[in-house]
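A.B. asks: Encoded as structure tokens, here's the structure I'll be asking about.
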Amino acid sequence: FCVQPAGALVAVGGGLRLREALLGMLVPRMHQLHGGMLACFELSLPRAPAHVPAPWPHQYHHHHHQMPSVPRADLMLDCHAVGERIIVSGLPPDADEAELMRFFAKHGALGAPVAHSRSGGYASVNFPSITEVTRFIARSIHTFADDKETRLARLHAKGGCVAKTCASSLPGLPRPMLVPAESPGVLLASWSSVVLAAGYCVELRPAGVQAQWCKVDASNGRLGGGDSATFDKDCNCCRVTG
């Protein structure tokens, strides 16, 4: 806050003299938002009609005509806004990055890599910064033009959805590796990075016993170092001591 000097205090009732703020500025603490959950919502995204080939007798006689189109139901996607990206799950097999970018590119997205697995399809919609993400989730309705038509995409809040209790599934990782390092008393943990991840948490416990999981401190690699921040999304290994 910018306040007046002590000699310019404002007098109020009872003789009390208070400082009067001339200017107040809110400074964001971005380090608290890095990798943190900003929002959890469901996105209703209209799809362009699917073009299907004409029946066999007509595909030769009317080959100069456009293929008929069939309307498709809207995509109902579970979304997690995390940092500078939006993690999307629930994609059908025929949905790809090009279809998503027809909508998200209009809001500043840089790309939307798609991954399909047995449990469903997923995408990571990447933005230049957290500013574009917060601007996107601040509105519940977005309009966009597709195939010369104006369509409406809607964001629906998911009541009670928080990072630890949200039932939406996300893709899992292959089994991590844990090997002794060259230095005595040091282990080297490594894992396969995934483009959808916003960060990684590493926990260890003795094998063969029902012991409690112990978290690795991301700042110094010590085992049981407290509730520290997660490892960066670009990290795929760490040294563990202690």
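FYI, nothing fancy with the structure tokens labels: chains A, B, ... in order, residues from 1 per chain, ligands from 1 as they appear.
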Find the spatial neighbours of Pro184 of chain A, counting only C-alpha atoms, within a cut-off of 12 Å - ignore same-chain residues fewer than 3 positions away - and output them as a list in words.
C.D. replies: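 Residues near the query, excluding close chain neighbours: Val179, Pro180, Ala181, Leu187, Leu188, Arg239, Val240, Thr241 and Gly242 of chain A.
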A.B. asks: Output N, CA and C atoms for every residue in that selection, as a PDB file, in the first residue's frame.
C.D. replies:
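Output file selection_27.pdb is given in full below:
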```pdb
ATOM      1  N   VAL A 179      17.105 -47.540  -8.624  1.00  0.00           N
ATOM      2  CA  VAL A 179      18.387 -48.242  -8.645  1.00  0.00           C
ATOM      3  C   VAL A 179      19.366 -47.502  -7.739  1.00  0.00           C
ATOM      4  N   PRO A 180      20.402 -48.221  -7.208  1.00  0.00           N
ATOM      5  CA  PRO A 180      21.428 -47.547  -6.397  1.00  0.00           C
ATOM      6  C   PRO A 180      22.268 -46.602  -7.256  1.00  0.00           C
ATOM      7  N   ALA A 181      22.593 -45.467  -6.693  1.00  0.00           N
ATOM      8  CA  ALA A 181      23.468 -44.519  -7.371  1.00  0.00           C
ATOM      9  C   ALA A 181      24.928 -44.857  -7.059  1.00  0.00           C
ATOM     10  N   LEU A 187      19.918 -43.279  -3.771  1.00  0.00           N
ATOM     11  CA  LEU A 187      19.146 -44.001  -4.771  1.00  0.00           C
ATOM     12  C   LEU A 187      18.793 -43.070  -5.918  1.00  0.00           C
ATOM     13  N   LEU A 188      18.640 -43.653  -7.079  1.00  0.00           N
ATOM     14  CA  LEU A 188      18.242 -42.888  -8.259  1.00  0.00           C
ATOM     15  C   LEU A 188      16.871 -43.383  -8.700  1.00  0.00           C
ATOM     16  N   ARG A 239      17.484 -37.836  -7.367  1.00  0.00           N
ATOM     17  CA  ARG A 239      18.359 -38.523  -6.417  1.00  0.00           C
ATOM     18  C   ARG A 239      17.679 -38.497  -5.056  1.00  0.00           C
ATOM     19  N   VAL A 240      17.705 -39.629  -4.371  1.00  0.00           N
ATOM     20  CA  VAL A 240      17.050 -39.751  -3.068  1.00  0.00           C
ATOM     21  C   VAL A 240      18.101 -40.060  -2.017  1.00  0.00           C
ATOM     22  N   THR A 241      18.140 -39.260  -0.974  1.00  0.00           N
ATOM     23  CA  THR A 241      19.060 -39.468   0.138  1.00  0.00           C
ATOM     24  C   THR A 241      18.276 -39.586   1.446  1.00  0.00           C
ATOM     25  N   GLY A 242      18.954 -40.080   2.470  1.00  0.00           N
ATOM     26  CA  GLY A 242      18.316 -40.147   3.775  1.00  0.00           C
ATOM     27  C   GLY A 242      17.541 -41.414   3.995  1.00  0.00           C
TER      28      GLY A 242
END
```
A.B. asks: I'd like the neighbourhood of segment 118-120 of chain A as a ChimeraX atom specification, where a residue qualifies if any of its atoms comes within 8 Å (using only C-alpha atoms), though same-chain residues fewer than 4 positions away should be ignored.
C.D. replies: /A:89-93,171
A.B. asks: List the spatial neighbours of Met76 of chain A as number ranges by chain - criterion: any atom at most 12 Å away, only C-alpha atoms, same-chain residues fewer than 6 positions off excluded.
C.D. replies: A: 41-47, 88-92, 95, 153-156
A.B. asks: Output N, CA, C and O atoms for every residue in the selection just made, as a short mmCIF file (atom, residue, chain, number, x, y, z; two decimals), in the first residue's frame.
C.D. replies:
```cif
data_model
loop_
_atom_site.label_atom_id
_atom_site.label_comp_id
_atom_site.auth_asym_id
_atom_site.auth_seq_id
_atom_site.Cartn_x
_atom_site.Cartn_y
_atom_site.Cartn_z
N PHE A 41 -14.12 -28.80 -14.21
CA PHE A 41 -15.41 -28.51 -14.84
C PHE A 41 -15.65 -29.49 -15.97
O PHE A 41 -14.77 -30.25 -16.38
N GLU A 42 -16.88 -29.46 -16.48
CA GLU A 42 -17.27 -30.27 -17.63
C GLU A 42 -17.49 -29.33 -18.81
O GLU A 42 -18.18 -28.32 -18.70
N LEU A 43 -16.91 -29.67 -19.95
CA LEU A 43 -17.01 -28.85 -21.15
C LEU A 43 -17.92 -29.52 -22.15
O LEU A 43 -17.68 -30.66 -22.56
N SER A 44 -18.98 -28.80 -22.55
CA SER A 44 -19.86 -29.26 -23.61
C SER A 44 -19.42 -28.59 -24.90
O SER A 44 -19.61 -27.39 -25.09
N LEU A 45 -18.80 -29.37 -25.78
CA LEU A 45 -18.18 -28.83 -26.99
C LEU A 45 -18.89 -29.37 -28.23
O LEU A 45 -18.87 -30.57 -28.50
N PRO A 46 -19.54 -28.49 -29.01
CA PRO A 46 -20.21 -28.95 -30.24
C PRO A 46 -19.21 -29.50 -31.25
O PRO A 46 -18.08 -29.04 -31.35
N ARG A 47 -19.65 -30.49 -32.00
CA ARG A 47 -18.82 -31.12 -33.03
C ARG A 47 -19.34 -30.77 -34.41
O ARG A 47 -20.55 -30.61 -34.63
N VAL A 88 -7.79 -32.65 -20.44
CA VAL A 88 -9.11 -33.06 -20.93
C VAL A 88 -9.17 -34.58 -20.94
O VAL A 88 -8.25 -35.25 -21.44
N SER A 89 -10.24 -35.15 -20.41
CA SER A 89 -10.45 -36.60 -20.47
C SER A 89 -11.86 -36.87 -20.98
O SER A 89 -12.73 -36.00 -20.97
N GLY A 90 -12.06 -38.11 -21.44
CA GLY A 90 -13.36 -38.48 -21.98
C GLY A 90 -13.47 -38.31 -23.47
O GLY A 90 -14.59 -38.25 -24.01
N LEU A 91 -12.34 -38.24 -24.18
CA LEU A 91 -12.38 -38.07 -25.64
C LEU A 91 -12.77 -39.38 -26.31
O LEU A 91 -12.25 -40.44 -25.97
N PRO A 92 -13.67 -39.35 -27.29
CA PRO A 92 -13.99 -40.55 -28.05
C PRO A 92 -12.85 -40.91 -29.00
O PRO A 92 -11.97 -40.07 -29.27
N ALA A 95 -11.94 -38.44 -31.95
CA ALA A 95 -11.56 -37.05 -31.67
C ALA A 95 -10.04 -36.92 -31.72
O ALA A 95 -9.32 -37.76 -31.19
N ALA A 153 -20.05 -23.26 -26.85
CA ALA A 153 -19.41 -24.21 -25.94
C ALA A 153 -19.70 -23.76 -24.51
O ALA A 153 -19.57 -22.57 -24.19
N ARG A 154 -20.08 -24.69 -23.67
CA ARG A 154 -20.50 -24.34 -22.31
C ARG A 154 -19.63 -25.05 -21.28
O ARG A 154 -19.29 -26.23 -21.44
N LEU A 155 -19.30 -24.31 -20.22
CA LEU A 155 -18.57 -24.86 -19.09
C LEU A 155 -19.55 -25.08 -17.95
O LEU A 155 -20.26 -24.16 -17.55
N HIS A 156 -19.60 -26.32 -17.45
CA HIS A 156 -20.50 -26.66 -16.35
C HIS A 156 -19.66 -26.98 -15.12
O HIS A 156 -18.74 -27.80 -15.18
#
```
A.B. asks: Near Leu110 of chain A, within 7 Å and counting only C-alpha atoms, which residues show up once chain neighbours fewer than 3 positions away are dropped, as a PyMOL selection string?
C.D. replies: chain A and resi 105+126-128
